[in-house]
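Reproduced below: entry_35.cif, with mmCIF, C-alpha atoms.
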data_query
loop_
_atom_site.label_atom_id
_atom_site.label_comp_id
_atom_site.auth_asym_id
_atom_site.auth_seq_id
_atom_site.Cartn_x
_atom_site.Cartn_y
_atom_site.Cartn_z
CA MET K 385 0.00 0.00 0.00
CA SER K 386 2.06 2.88 -1.31
CA LYS K 387 2.05 6.30 0.24
CA ARG K 388 0.88 9.29 -1.69
CA LEU K 389 1.64 12.92 -0.82
CA ASN K 390 1.33 14.53 2.60
CA PRO K 391 -1.30 17.30 2.43
CA TYR K 392 0.05 19.07 5.53
CA THR K 393 3.48 19.60 4.03
CA THR K 394 2.33 20.03 0.45
CA ALA K 395 -0.25 22.77 1.09
CA PRO K 396 -0.14 23.77 4.76
CA ASP K 397 -2.23 26.95 4.27
CA MET K 398 -5.10 24.88 2.84
CA MET K 399 -5.07 22.55 5.85
CA LYS K 400 -5.27 25.43 8.38
CA PRO K 401 -8.98 26.18 7.79
CA MET K 402 -9.71 22.42 8.00
CA ILE K 403 -8.09 22.31 11.42
CA ALA K 404 -10.10 25.37 12.48
CA LEU K 405 -13.31 23.74 11.20
CA GLU K 406 -12.51 20.59 13.16
CA ALA K 407 -12.08 22.64 16.35
CA ALA K 408 -15.37 24.44 15.71
CA VAL K 409 -17.40 21.25 15.36
CA LYS K 410 -15.64 19.63 18.31
CA ASP K 411 -16.41 22.61 20.58
CA SER K 412 -19.90 23.18 19.19
CA GLY K 413 -21.60 21.91 22.33
CA LEU K 414 -22.75 18.54 20.97
CA GLU K 415 -21.92 15.78 23.44
CA TYR K 416 -18.46 14.30 22.87
CA SER K 417 -19.65 10.69 22.88
CA LEU K 418 -22.11 11.48 20.08
CA ILE K 419 -19.44 13.29 18.07
CA GLU K 420 -17.20 10.22 18.22
CA LEU K 421 -19.99 7.82 17.17
CA VAL K 422 -20.78 10.03 14.16
CA LYS K 423 -17.10 10.16 13.20
CA MET K 424 -16.76 6.38 13.54
CA ARG K 425 -19.87 5.64 11.47
CA ALA K 426 -18.92 7.94 8.61
CA SER K 427 -15.38 6.56 8.64
CA GLN K 428 -16.72 2.99 8.48
CA ILE K 429 -18.85 3.81 5.45
CA ASN K 430 -15.97 5.59 3.70
CA GLY K 431 -13.49 2.83 4.61
CA CYS K 432 -11.04 5.22 6.30
CA ALA K 433 -8.65 3.22 8.51
CA TYR K 434 -6.68 6.32 9.55
CA CYS K 435 -9.83 7.92 10.96
CA LEU K 436 -11.12 4.70 12.54
CA HIS K 437 -7.77 4.25 14.26
CA MET K 438 -7.78 7.80 15.65
CA HIS K 439 -11.43 8.00 16.65
CA SER K 440 -11.72 4.56 18.21
CA ALA K 441 -8.73 5.45 20.41
CA ASP K 442 -10.28 8.85 21.29
CA ALA K 443 -13.66 7.30 22.00
CA ARG K 444 -12.21 4.61 24.25
CA LYS K 445 -10.06 7.13 26.14
CA ALA K 446 -13.21 9.16 26.77
CA GLY K 447 -14.93 6.10 28.24
CA GLU K 448 -16.83 4.63 25.30
CA SER K 449 -17.42 0.89 25.59
CA GLU K 450 -15.94 -1.67 23.22
CA ALA K 451 -19.40 -3.08 22.45
CA ARG K 452 -20.84 0.20 21.16
CA LEU K 453 -17.95 0.50 18.74
CA TYR K 454 -18.08 -3.16 17.58
CA LEU K 455 -21.84 -3.01 16.94
CA LEU K 456 -21.89 0.41 15.32
CA SER K 457 -22.43 -0.71 11.73
CA ALA K 458 -25.58 -2.49 12.95
CA TRP K 459 -26.86 0.28 15.26
CA ARG K 460 -30.39 -0.13 13.88
CA GLU K 461 -30.51 -3.67 15.24
CA SER K 462 -29.21 -2.94 18.73
CA GLU K 463 -30.51 -1.25 21.85
CA LEU K 464 -27.10 0.00 22.85
CA TYR K 465 -27.76 3.40 21.22
CA THR K 466 -30.13 6.06 22.56
CA PRO K 467 -32.94 7.48 20.41
CA ARG K 468 -30.96 10.71 20.05
CA GLU K 469 -27.87 8.79 18.92
CA ARG K 470 -29.97 6.71 16.51
CA ALA K 471 -31.38 9.85 14.93
CA ALA K 472 -27.87 11.28 14.56
CA LEU K 473 -26.53 8.03 13.07
CA ALA K 474 -29.40 7.87 10.57
CA TRP K 475 -28.67 11.45 9.54
CA THR K 476 -24.96 10.58 9.31
CA GLU K 477 -25.72 7.74 6.90
CA ALA K 478 -28.20 9.85 4.91
CA LEU K 479 -25.61 12.57 4.30
CA THR K 480 -22.58 10.30 3.90
CA LEU K 481 -24.40 8.22 1.26
CA LEU K 482 -25.97 11.31 -0.28
CA PRO K 483 -25.99 10.11 -3.91
CA GLN K 484 -28.17 7.16 -2.90
CA THR K 485 -30.32 8.65 -0.16
CA HIS K 486 -30.92 12.27 -1.19
CA ALA K 487 -31.33 13.06 2.54
CA PRO K 488 -34.87 11.73 3.01
CA ASP K 489 -37.62 13.59 4.88
CA ALA K 490 -38.02 10.74 7.39
CA ASP K 491 -34.41 11.00 8.57
CA TYR K 492 -34.56 14.79 8.71
CA GLU K 493 -37.78 14.88 10.68
CA GLU K 494 -36.60 12.20 13.10
CA ALA K 495 -33.41 14.18 13.68
CA LEU K 496 -35.44 17.33 14.43
CA ARG K 497 -37.35 15.40 17.09
CA HIS K 498 -34.08 15.05 19.01
CA PHE K 499 -32.01 18.04 17.98
CA SER K 500 -32.78 21.75 17.98
CA GLY K 501 -32.40 23.62 14.70
CA GLU K 502 -29.08 24.98 15.84
CA GLU K 503 -27.93 21.48 16.84
CA MET K 504 -28.98 20.19 13.40
CA VAL K 505 -26.61 22.67 11.79
CA LYS K 506 -23.81 21.60 14.15
CA LEU K 507 -24.51 17.93 13.47
CA THR K 508 -24.65 18.44 9.70
CA LEU K 509 -21.36 20.34 9.71
CA LEU K 510 -19.83 17.62 11.88
CA ILE K 511 -20.90 14.97 9.35
CA GLY K 512 -19.56 17.08 6.50
CA THR K 513 -16.26 17.60 8.28
CA ILE K 514 -15.56 13.94 8.99
CA ASN K 515 -16.46 13.17 5.39
CA VAL K 516 -13.81 15.69 4.29
CA TRP K 517 -11.23 14.12 6.60
CA ASN K 518 -12.08 10.66 5.25
CA ARG K 519 -11.51 11.87 1.68
CA ILE K 520 -8.19 13.48 2.60
CA ALA K 521 -6.96 10.41 4.48
CA VAL K 522 -8.10 7.79 1.97
CA GLY K 523 -7.36 9.98 -1.04
CA PHE K 524 -3.75 10.45 0.06
CA ARG K 525 -3.46 6.96 1.60
CA SER K 526 -2.55 8.21 5.07
CA HIS K 527 -1.01 5.43 7.17
CA HIS K 528 -2.31 5.13 10.71
CA PRO K 529 0.32 4.67 13.43
CA ASN K 530 1.16 1.05 14.20
CA ASP K 531 1.14 1.76 17.90
CA ARG K 532 -1.51 -0.75 18.88
CA ALA K 533 -0.46 -4.36 19.20
CA PRO K 534 -2.00 -6.47 16.43
CA ARG K 535 -2.87 -9.22 18.85
CA ILE K 536 -3.04 -9.10 22.61
CA GLU K 537 -3.60 -11.65 25.30
CA ALA K 538 -7.24 -12.51 25.87
CA ALA K 539 -8.92 -9.76 27.91
CA MET U 649 -37.55 -2.83 18.34
CA SER U 650 -39.13 -6.10 19.23
CA GLN U 651 -37.96 -9.56 18.32
CA ARG U 652 -40.17 -11.06 15.63
CA LEU U 653 -39.70 -14.70 16.61
CA ASN U 654 -37.08 -16.79 18.33
CA VAL U 655 -35.43 -18.86 15.60
CA PHE U 656 -33.78 -21.20 18.08
CA GLN U 657 -37.11 -22.19 19.63
CA VAL U 658 -39.38 -22.14 16.56
CA ALA U 659 -37.32 -24.47 14.37
CA PRO U 660 -34.52 -26.06 16.39
CA ALA U 661 -33.85 -28.73 13.74
CA ALA U 662 -33.14 -26.02 11.18
CA ILE U 663 -30.66 -24.43 13.54
CA GLU U 664 -29.12 -27.86 14.22
CA ALA U 665 -28.52 -28.29 10.50
CA LEU U 666 -26.75 -24.94 10.23
CA LEU U 667 -24.75 -25.74 13.37
CA LYS U 668 -23.44 -28.87 11.63
CA THR U 669 -22.20 -26.76 8.74
CA GLN U 670 -20.63 -24.40 11.25
CA ALA U 671 -18.91 -27.33 12.97
CA TYR U 672 -17.42 -28.42 9.64
CA VAL U 673 -16.06 -24.90 9.14
CA ASN U 674 -14.70 -24.70 12.69
CA GLU U 675 -12.82 -27.99 12.25
CA SER U 676 -11.69 -27.34 8.67
CA GLY U 677 -8.24 -26.23 9.74
CA LEU U 678 -8.65 -22.57 8.83
CA GLU U 679 -7.20 -20.46 11.60
CA HIS U 680 -9.80 -19.31 14.12
CA SER U 681 -8.61 -15.71 14.13
CA LEU U 682 -9.27 -15.59 10.38
CA LEU U 683 -12.70 -17.19 10.74
CA GLU U 684 -13.66 -14.56 13.34
CA LEU U 685 -12.57 -11.67 11.08
CA VAL U 686 -14.63 -13.15 8.26
CA LYS U 687 -17.66 -13.43 10.55
CA MET U 688 -17.26 -9.85 11.76
CA ARG U 689 -16.84 -8.42 8.25
CA ALA U 690 -19.88 -10.20 6.80
CA SER U 691 -21.93 -9.20 9.86
CA GLN U 692 -20.89 -5.57 9.38
CA ILE U 693 -21.98 -5.61 5.75
CA ASN U 694 -25.27 -7.30 6.60
CA ALA U 695 -25.72 -5.06 9.67
CA CYS U 696 -26.40 -7.94 12.05
CA ALA U 697 -26.01 -6.65 15.62
CA TYR U 698 -26.69 -10.06 17.17
CA CYS U 699 -23.78 -11.58 15.25
CA LEU U 700 -21.46 -8.61 15.82
CA HIS U 701 -22.14 -8.87 19.55
CA MET U 702 -21.39 -12.59 19.68
CA HIS U 703 -18.38 -12.62 17.40
CA SER U 704 -16.67 -9.55 18.80
CA MET U 705 -16.80 -11.20 22.22
CA ASP U 706 -15.53 -14.53 20.83
CA ALA U 707 -12.73 -12.79 18.96
CA ARG U 708 -11.62 -10.78 21.98
CA LYS U 709 -11.73 -13.84 24.25
CA ALA U 710 -9.49 -15.62 21.77
CA GLY U 711 -6.96 -12.79 21.93
CA GLU U 712 -7.93 -10.57 19.02
CA SER U 713 -7.00 -6.90 19.51
CA GLU U 714 -9.51 -4.09 19.76
CA ALA U 715 -7.79 -2.20 16.94
CA ARG U 716 -8.19 -5.00 14.38
CA LEU U 717 -11.91 -5.09 15.10
CA TYR U 718 -12.39 -1.29 15.06
CA LEU U 719 -10.56 -0.91 11.73
CA LEU U 720 -12.13 -3.88 10.00
CA ASP U 721 -14.47 -1.86 7.76
CA ALA U 722 -11.34 -0.19 6.35
CA TRP U 723 -9.03 -3.24 6.15
CA ARG U 724 -7.83 -2.18 2.70
CA GLU U 725 -6.35 1.00 4.16
CA SER U 726 -4.55 -0.57 7.12
CA ASP U 727 -1.39 -2.60 7.68
CA LEU U 728 -2.94 -4.46 10.59
CA TYR U 729 -4.12 -7.37 8.41
CA THR U 730 -1.85 -9.98 6.83
CA PRO U 731 -1.90 -10.59 3.05
CA ARG U 732 -3.72 -13.89 3.69
CA GLU U 733 -6.34 -12.12 5.81
CA ARG U 734 -6.72 -9.40 3.18
CA ALA U 735 -7.37 -12.00 0.49
CA ALA U 736 -9.98 -13.67 2.72
CA LEU U 737 -11.66 -10.34 3.55
CA GLY U 738 -11.80 -9.40 -0.13
CA TRP U 739 -13.41 -12.75 -0.90
CA THR U 740 -15.80 -12.29 2.05
CA GLU U 741 -16.98 -8.98 0.59
CA ALA U 742 -17.25 -10.41 -2.94
CA LEU U 743 -19.45 -13.34 -1.83
CA THR U 744 -21.48 -11.33 0.69
CA ARG U 745 -22.27 -8.70 -1.94
CA LEU U 746 -22.92 -11.31 -4.62
CA SER U 747 -26.08 -9.52 -5.76
CA GLU U 748 -23.87 -6.63 -6.91
CA GLY U 749 -22.00 -8.85 -9.35
CA ALA U 750 -20.05 -12.08 -9.57
CA PRO U 751 -16.57 -12.15 -8.01
CA SER U 752 -13.98 -11.03 -10.52
CA ASP U 753 -11.12 -13.12 -11.86
CA GLU U 754 -8.79 -10.81 -9.93
CA ALA U 755 -10.59 -11.49 -6.65
CA PHE U 756 -10.34 -15.24 -7.21
CA ALA U 757 -6.70 -15.06 -8.27
CA GLU U 758 -5.89 -13.09 -5.12
CA LEU U 759 -7.69 -15.69 -3.03
CA ARG U 760 -5.97 -18.62 -4.74
CA ALA U 761 -2.58 -16.97 -4.21
CA HIS U 762 -3.02 -17.45 -0.46
CA PHE U 763 -5.31 -20.45 -0.05
CA SER U 764 -5.25 -24.02 -1.34
CA GLU U 765 -8.24 -25.22 -3.35
CA LYS U 766 -9.71 -26.99 -0.33
CA GLU U 767 -9.15 -23.89 1.79
CA CYS U 768 -10.95 -21.81 -0.85
CA VAL U 769 -13.99 -24.04 -0.51
CA ASP U 770 -13.80 -24.15 3.29
CA LEU U 771 -13.47 -20.36 3.45
CA SER U 772 -16.40 -19.93 1.07
CA MET U 773 -18.44 -22.27 3.23
CA SER U 774 -17.59 -20.16 6.28
CA ILE U 775 -18.71 -17.02 4.43
CA ALA U 776 -21.93 -18.75 3.36
CA ALA U 777 -22.55 -19.88 6.94
CA ILE U 778 -22.17 -16.44 8.52
CA ASN U 779 -24.36 -14.97 5.79
CA ALA U 780 -27.00 -17.55 6.69
CA TRP U 781 -26.76 -16.66 10.41
CA ASN U 782 -26.98 -12.94 9.53
CA ARG U 783 -30.16 -13.49 7.53
CA LEU U 784 -31.80 -15.47 10.32
CA ASN U 785 -30.89 -12.99 13.02
CA ALA U 786 -31.50 -9.81 11.08
CA GLY U 787 -34.60 -11.21 9.42
CA PHE U 788 -36.23 -12.05 12.73
CA ARG U 789 -34.70 -9.20 14.76
CA SER U 790 -32.86 -11.38 17.25
CA ARG U 791 -31.90 -9.30 20.25
CA HIS U 792 -28.37 -9.54 21.49
CA PRO U 793 -27.93 -9.91 25.25
CA ALA U 794 -27.77 -6.62 27.14
CA ASP U 795 -24.79 -7.90 29.07
CA ARG U 796 -22.25 -5.32 28.06
CA PRO U 797 -22.36 -1.88 29.64
CA ARG U 798 -23.13 1.11 27.47
CA LYS U 799 -20.15 3.03 28.69
CA THR U 800 -17.21 1.88 30.70
CA GLU U 801 -14.56 3.64 32.70
CA ALA U 802 -11.87 5.02 30.43
CA ALA U 803 -9.85 2.15 29.00
CA ALA U 804 -6.45 1.47 30.52
#

Spit out the file's structure as structure tokens when you get a sec.
Amino acid sequence: MSKRLNPYTTAPDMMKPMIALEAAVKDSGLEYSLIELVKMRASQINGCAYCLHMHSADARKAGESEARLYLLSAWRESELYTPRERAALAWTEALTLLPQTHAPDADYEEALRHFSGEEMVKLTLLIGTINVWNRIAVGFRSHHPNDRAPRIEAA
Amino acid sequence: MSQRLNVFQVAPAAIEALLKTQAYVNESGLEHSLLELVKMRASQINACAYCLHMHSMDARKAGESEARLYLLDAWRESDLYTPRERAALGWTEALTRLSEGAPSDEAFAELRAHFSEKECVDLSMSIAAINAWNRLNAGFRSRHPADRPRKTEAAA
């Protein structure tokens, strides 16, 4: 898996606003656990290992359980996620798979049952932002750090 | 989200039959760590929470790392998986998504580069088996046990 270019060194001024955007969505006021689930789900759909590596580590450090990360691609079929999280995850999928879904009314209305208008904007920008990061990381074949042992002793 | 019916109680003989296939797969000689990754990947694609719950626990008990389970959707973009595992995961996706098109010659050649002919069949049987379990559990909304806390103390 060959490396491509490094966007940070190739065009540092273009990456600065991305970093500022990331800070804005992170400090928007949405709960941190929700932010991480949204980032994980989008990164699963887009197949971004770099982002999954980073955000699974962040989520676990912040106290997220292993189970809620392992079951995330099947959140619809599990009770581990709150109604608010489910609405956010549905909206995440609707926007991440936009060519197929066209952001359906049902997902939008369900999201508005759990999020204020202002929160909807924050959530939508969060989803957009992680989708940008996924495209940067996969597009330039970013390599995640190999700092986590491939196999460990049984827990 | 209520369970539709309990497959294990309604038709136990059907489940017995599938368990026999599963036993063949388990004893085929394919490494268990590989079989678990295959089960997880198919269950992700088919969005089967019941299966993800069971197989993530089995994998972790057998020594699999958290990272290799978290990154599994993006195995192509990670060095955490061996070439043999990558070939198996590619084949898992090709057979699980069969409705999108037959597996390409390239996908088969990649598989055959890492697996003997018998292993190719045994692996395909394992993929077929997990797909069958996914369809039973997702079709009838099997509920996974609520035995794992929502949130834990920050990991060590």

Taking the file above as input, evaluate the PyMOL selection byres ((chain K) within 9 of (chain U)) and report the hits as a PDB file with C-alpha atoms, in the coordinates of the input.
ATOM      1  CA  MET K 385       0.000   0.000   0.000  1.00  0.00           C
ATOM      2  CA  MET K 424     -16.760   6.380  13.540  1.00  0.00           C
ATOM      3  CA  SER K 427     -15.380   6.560   8.640  1.00  0.00           C
ATOM      4  CA  GLN K 428     -16.720   2.990   8.480  1.00  0.00           C
ATOM      5  CA  ILE K 429     -18.850   3.810   5.450  1.00  0.00           C
ATOM      6  CA  ASN K 430     -15.970   5.590   3.700  1.00  0.00           C
ATOM      7  CA  GLY K 431     -13.490   2.830   4.610  1.00  0.00           C
ATOM      8  CA  CYS K 432     -11.040   5.220   6.300  1.00  0.00           C
ATOM      9  CA  ALA K 433      -8.650   3.220   8.510  1.00  0.00           C
ATOM     10  CA  TYR K 434      -6.680   6.320   9.550  1.00  0.00           C
ATOM     11  CA  CYS K 435      -9.830   7.920  10.960  1.00  0.00           C
ATOM     12  CA  LEU K 436     -11.120   4.700  12.540  1.00  0.00           C
ATOM     13  CA  HIS K 437      -7.770   4.250  14.260  1.00  0.00           C
ATOM     14  CA  SER K 440     -11.720   4.560  18.210  1.00  0.00           C
ATOM     15  CA  ALA K 441      -8.730   5.450  20.410  1.00  0.00           C
ATOM     16  CA  ALA K 443     -13.660   7.300  22.000  1.00  0.00           C
ATOM     17  CA  ARG K 444     -12.210   4.610  24.250  1.00  0.00           C
ATOM     18  CA  LYS K 445     -10.060   7.130  26.140  1.00  0.00           C
ATOM     19  CA  ALA K 446     -13.210   9.160  26.770  1.00  0.00           C
ATOM     20  CA  GLY K 447     -14.930   6.100  28.240  1.00  0.00           C
ATOM     21  CA  GLU K 448     -16.830   4.630  25.300  1.00  0.00           C
ATOM     22  CA  SER K 449     -17.420   0.890  25.590  1.00  0.00           C
ATOM     23  CA  GLU K 450     -15.940  -1.670  23.220  1.00  0.00           C
ATOM     24  CA  ALA K 451     -19.400  -3.080  22.450  1.00  0.00           C
ATOM     25  CA  ARG K 452     -20.840   0.200  21.160  1.00  0.00           C
ATOM     26  CA  LEU K 453     -17.950   0.500  18.740  1.00  0.00           C
ATOM     27  CA  TYR K 454     -18.080  -3.160  17.580  1.00  0.00           C
ATOM     28  CA  LEU K 455     -21.840  -3.010  16.940  1.00  0.00           C
ATOM     29  CA  LEU K 456     -21.890   0.410  15.320  1.00  0.00           C
ATOM     30  CA  SER K 457     -22.430  -0.710  11.730  1.00  0.00           C
ATOM     31  CA  ALA K 458     -25.580  -2.490  12.950  1.00  0.00           C
ATOM     32  CA  TRP K 459     -26.860   0.280  15.260  1.00  0.00           C
ATOM     33  CA  ARG K 460     -30.390  -0.130  13.880  1.00  0.00           C
ATOM     34  CA  GLU K 461     -30.510  -3.670  15.240  1.00  0.00           C
ATOM     35  CA  SER K 462     -29.210  -2.940  18.730  1.00  0.00           C
ATOM     36  CA  GLU K 463     -30.510  -1.250  21.850  1.00  0.00           C
ATOM     37  CA  LEU K 464     -27.100   0.000  22.850  1.00  0.00           C
ATOM     38  CA  TYR K 465     -27.760   3.400  21.220  1.00  0.00           C
ATOM     39  CA  VAL K 522      -8.100   7.790   1.970  1.00  0.00           C
ATOM     40  CA  ARG K 525      -3.460   6.960   1.600  1.00  0.00           C
ATOM     41  CA  SER K 526      -2.550   8.210   5.070  1.00  0.00           C
ATOM     42  CA  HIS K 527      -1.010   5.430   7.170  1.00  0.00           C
ATOM     43  CA  HIS K 528      -2.310   5.130  10.710  1.00  0.00           C
ATOM     44  CA  ASN K 530       1.160   1.050  14.200  1.00  0.00           C
ATOM     45  CA  ARG K 532      -1.510  -0.750  18.880  1.00  0.00           C
ATOM     46  CA  ALA K 533      -0.460  -4.360  19.200  1.00  0.00           C
ATOM     47  CA  PRO K 534      -2.000  -6.470  16.430  1.00  0.00           C
ATOM     48  CA  ARG K 535      -2.870  -9.220  18.850  1.00  0.00           C
ATOM     49  CA  ILE K 536      -3.040  -9.100  22.610  1.00  0.00           C
ATOM     50  CA  GLU K 537      -3.600 -11.650  25.300  1.00  0.00           C
ATOM     51  CA  ALA K 538      -7.240 -12.510  25.870  1.00  0.00           C
ATOM     52  CA  ALA K 539      -8.920  -9.760  27.910  1.00  0.00           C
TER      53      ALA K 539
END

Report task. With all atoms listed in the file counted, which protein, DNA or RNA residues have an atom no more than 9 Å from (-26.0, 8.4, 13.1) in the file frame? Please answer as JSON, numbers by chain. Result -> {"K": [418, 421, 422, 425, 426, 459, 468, 469, 470, 471, 472, 473, 474, 475, 476, 477, 478]}

Written as an mmCIF file with C-alpha atoms, in the frame of the given file, what is the full residue list that the PyMOL selection byres ((chain K and resi 514) around 9) yields on the file shown?
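The file below, part-v7.cif, is the result:
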data_model
loop_
_atom_site.group_PDB
_atom_site.id
_atom_site.type_symbol
_atom_site.label_atom_id
_atom_site.label_comp_id
_atom_site.auth_asym_id
_atom_site.auth_seq_id
_atom_site.Cartn_x
_atom_site.Cartn_y
_atom_site.Cartn_z
ATOM 1 C CA GLU K 406 -12.510 20.590 13.160
ATOM 2 C CA VAL K 422 -20.780 10.030 14.160
ATOM 3 C CA LYS K 423 -17.100 10.160 13.200
ATOM 4 C CA MET K 424 -16.760 6.380 13.540
ATOM 5 C CA ALA K 426 -18.920 7.940 8.610
ATOM 6 C CA SER K 427 -15.380 6.560 8.640
ATOM 7 C CA CYS K 435 -9.830 7.920 10.960
ATOM 8 C CA LEU K 509 -21.360 20.340 9.710
ATOM 9 C CA LEU K 510 -19.830 17.620 11.880
ATOM 10 C CA ILE K 511 -20.900 14.970 9.350
ATOM 11 C CA GLY K 512 -19.560 17.080 6.500
ATOM 12 C CA THR K 513 -16.260 17.600 8.280
ATOM 13 C CA ASN K 515 -16.460 13.170 5.390
ATOM 14 C CA VAL K 516 -13.810 15.690 4.290
ATOM 15 C CA TRP K 517 -11.230 14.120 6.600
ATOM 16 C CA ASN K 518 -12.080 10.660 5.250
ATOM 17 C CA ARG K 519 -11.510 11.870 1.680
#

Axis-aligned box for segment 410-423 of chain K, 6 Å per side, centre and edges in Å as JSON:
{"center_x": -19.2, "center_y": 15.5, "center_z": 18.3, "size_x": 19.1, "size_y": 27.4, "size_z": 22.2}

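The spacing separating atom CA of Ser676 of chain U from atom CA of Ala761 of chain U amounts to 18.9 Å.
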
Filled-in N, CA and C atoms of segment 695-706 of chain U, supplied as an mmCIF file, keeping the file's coordinate frame:
data_model
loop_
_atom_site.group_PDB
_atom_site.id
_atom_site.type_symbol
_atom_site.label_atom_id
_atom_site.label_comp_id
_atom_site.auth_asym_id
_atom_site.auth_seq_id
_atom_site.Cartn_x
_atom_site.Cartn_y
_atom_site.Cartn_z
ATOM 1 N N ALA U 695 -25.200 -5.819 8.532
ATOM 2 C CA ALA U 695 -25.720 -5.060 9.670
ATOM 3 C C ALA U 695 -26.454 -5.955 10.664
ATOM 4 N N CYS U 696 -25.792 -7.017 11.093
ATOM 5 C CA CYS U 696 -26.400 -7.940 12.050
ATOM 6 C C CYS U 696 -25.797 -7.709 13.433
ATOM 7 N N ALA U 697 -26.514 -6.992 14.293
ATOM 8 C CA ALA U 697 -26.010 -6.650 15.620
ATOM 9 C C ALA U 697 -25.831 -7.893 16.487
ATOM 10 N N TYR U 698 -26.769 -8.832 16.365
ATOM 11 C CA TYR U 698 -26.690 -10.060 17.170
ATOM 12 C C TYR U 698 -25.374 -10.771 16.913
ATOM 13 N N CYS U 699 -25.014 -10.887 15.639
ATOM 14 C CA CYS U 699 -23.780 -11.580 15.250
ATOM 15 C C CYS U 699 -22.543 -10.764 15.619
ATOM 16 N N LEU U 700 -22.606 -9.444 15.445
ATOM 17 C CA LEU U 700 -21.460 -8.610 15.820
ATOM 18 C C LEU U 700 -21.202 -8.714 17.325
ATOM 19 N N HIS U 701 -22.267 -8.749 18.106
ATOM 20 C CA HIS U 701 -22.140 -8.870 19.550
ATOM 21 C C HIS U 701 -21.441 -10.188 19.914
ATOM 22 N N MET U 702 -21.936 -11.275 19.354
ATOM 23 C CA MET U 702 -21.390 -12.590 19.680
ATOM 24 C C MET U 702 -19.942 -12.736 19.206
ATOM 25 N N HIS U 703 -19.695 -12.341 17.968
ATOM 26 C CA HIS U 703 -18.380 -12.620 17.400
ATOM 27 C C HIS U 703 -17.301 -11.667 17.847
ATOM 28 N N SER U 704 -17.674 -10.439 18.227
ATOM 29 C CA SER U 704 -16.670 -9.550 18.800
ATOM 30 C C SER U 704 -16.217 -10.100 20.151
ATOM 31 N N MET U 705 -17.162 -10.605 20.925
ATOM 32 C CA MET U 705 -16.800 -11.200 22.220
ATOM 33 C C MET U 705 -15.916 -12.434 22.030
ATOM 34 N N ASP U 706 -16.313 -13.320 21.100
ATOM 35 C CA ASP U 706 -15.530 -14.530 20.830
ATOM 36 C C ASP U 706 -14.117 -14.162 20.381
#
